[in-house]
Structure formats: C-alpha cells, structure tokens
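**Student:** Please see the structure below; I have some questions.
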Amino acid sequence: MKSKVSRLDRFISKNSDYLLSEVRLLIAQKRILLDGKEAQSVQQKVTEFTHVVLDGRCLRDNTPVYIMLNKPPGVVSATKDLKHPTVLDLIDHPKKTELHIVGRLDFNTTGLVLLTNNGAWSRKVSLPETKLEKTYQVTLSKPLSEQYIDAFEKGIYFAYEGMTTQPARLTILSEYTATLSLVEGKYHQVKRMFGFFQNQVMELHRVSVGSIELGELNLGDYRLLAKDEVELWP
C-alpha cells in the first residue's frame, strides 16, 4: 500500500486557498501547526496521519488503527470475497473499510492476523529485510524426530523456486506437535517444509508476529494493539 506523504507547502496549497509561494509566509507568521507544534519549513513532511491545523482550522486529522485478530478456520484473509466470510467481516470498527491485512493466513490456518490503515507500518512489518520472526503451532500426521530440527536449521530446498529456506527454529512439543519460528513467508512455506519429510500438516496456528503475541484472545475475536506493541519492532 502506498504511503501518502507530501511536502508541507504542497499539502497546504492542495488543501486550502493559499498558493505554494505563500506557505513560507504562513510559517513565519506561525499560522500552521503540525501535531500541535508550529511548522518550521516548507519541506516538512506531512504523512497521512499528521495532524495539520491552519489558522485554527483542521486540514487533516486521520488516526492510525492497529488491530490483531485470532482468525478462525474457513475465513479468508482478504477484505472482500463473494463465497466466504473475510477477516473484515469479524471486525466492528468505524475505520474498518480503511484497513488492509498485514501477512495473510491460508483459508484453514488459524491464529494471529494483523490489520491496519497505516501503509508505512505494514511495509515495515512485511519487508524481508526486517526479518520479523513469526511463530506457529503445528500438528502433524506423523511423528516428529530430531532430524527435523537439524534440517529446518540448515534450510529446506524448494526446487520450484530453486532456493533454500532461511534457518528456522523448530521446538518439538510432543510426538505430533511442535512450534516453528521463521522469518520468511513463502507460498505455503510451513506445509512445504514438513512436506519435505512427507509429513502432512493437520493444524497450523500462528501465535506471534515479532513481539506481538496472540495470548488469550479467543478464536474469532479481535482487539486494538497497545502502543508498546505497535512500537516494539526490530
């Protein structure tokens, strides 16, 4: 999603009757406030969430929204779908139509889905360079062994893409269950990694993304992220 960022002089000229050439004088006269502080330069950046006031009149007052949802099975990670319920159908929020999904889950995969209207934040979360760790609880059709741990740590080769997955951390919980932490999000990656051992994933549940943990949130429920959750990124 594109970030809506513009220079202050261009924003003022677009959203008022003043010309570009007049904005410098408005700043000198202390008539423009950005997030409650007097503007200092025509080159200051105005984002989609900058609070802008000119002569006491608010020109922009958007609020960023950050939501976590515990996605049930049978729900589509999309904003619209003609056949199935979507994650947005589970949310009741006044800015619901502005939200987009940060990291999708497959149709029958459950767990943590993040939604926001802040494109800059979602890009930071999604960038491969961020190497944000995602953790899943996995239930398999066949017993696990220590061999899986070593293989996942070294990386699994995907012939179709001609690439090897980055090191992933597998913790075996029981004969058929484990937690898997990885920093990538290739197509059906978790299922394909276990498929290397011809072991079918029966249940897949995402429990955390970076420092954000699903916790005790019930299946199908959602909540707003706390300020520290939004800011605690690598």
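Residues are named by chain letter and number: chains run A, B, ... in the order of the structure tokens, numbers start at 1 in each chain, and ligands are numbered from 1 in the order shown.
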Applying 10 Å and only C-alpha atoms, which residues near Thr177 in chain A remain after dropping the ones on its own chain fewer than 2 positions away? List them as a count of residues only.
**Tutor:** 18
**Student:** What does the distance between CA of Leu69 in chain A and CA of Ile91 in chain A come to in Å, to one decimal place?
**Tutor:** 8.4 Å
**Student:** Excluding same-chain residues fewer than 6 positions from range 160-169 of chain A, what lies within 8 Å of it counting only C-alpha atoms, as a list in words?
**Tutor:** Ile149, Phe152, Glu153, Lys154, Leu180, Ser181, Leu182, Val183 and Glu184 of chain A
**Student:** Can you pull out the residues contacting Gly220 in chain A? Cut-off 10 Å, using only C-alpha atoms, and skip same-chain residues under 6 positions away; I want them as a PDB file with C-alpha atoms, in the first residue's frame.
**Tutor:**
```pdb
ATOM      1  CA  LEU A  69      -7.430 -10.834  15.138  1.00  0.00           C
ATOM      2  CA  ASN A  70      -7.497 -14.516  16.043  1.00  0.00           C
ATOM      3  CA  LYS A  71      -8.595 -15.894  12.681  1.00  0.00           C
ATOM      4  CA  PRO A  72     -10.822 -18.997  12.727  1.00  0.00           C
ATOM      5  CA  PRO A  73     -10.639 -21.687  10.023  1.00  0.00           C
ATOM      6  CA  VAL A  75     -12.242 -17.367   6.953  1.00  0.00           C
ATOM      7  CA  VAL A  87     -11.393 -11.234   8.331  1.00  0.00           C
ATOM      8  CA  LEU A  90     -15.315 -10.286  12.033  1.00  0.00           C
ATOM      9  CA  ILE A  91     -14.396  -6.685  12.851  1.00  0.00           C
ATOM     10  CA  THR A 110      -5.855 -20.093  12.307  1.00  0.00           C
ATOM     11  CA  GLY A 111      -4.319 -17.510  14.572  1.00  0.00           C
TER      12      GLY A 111
END
```
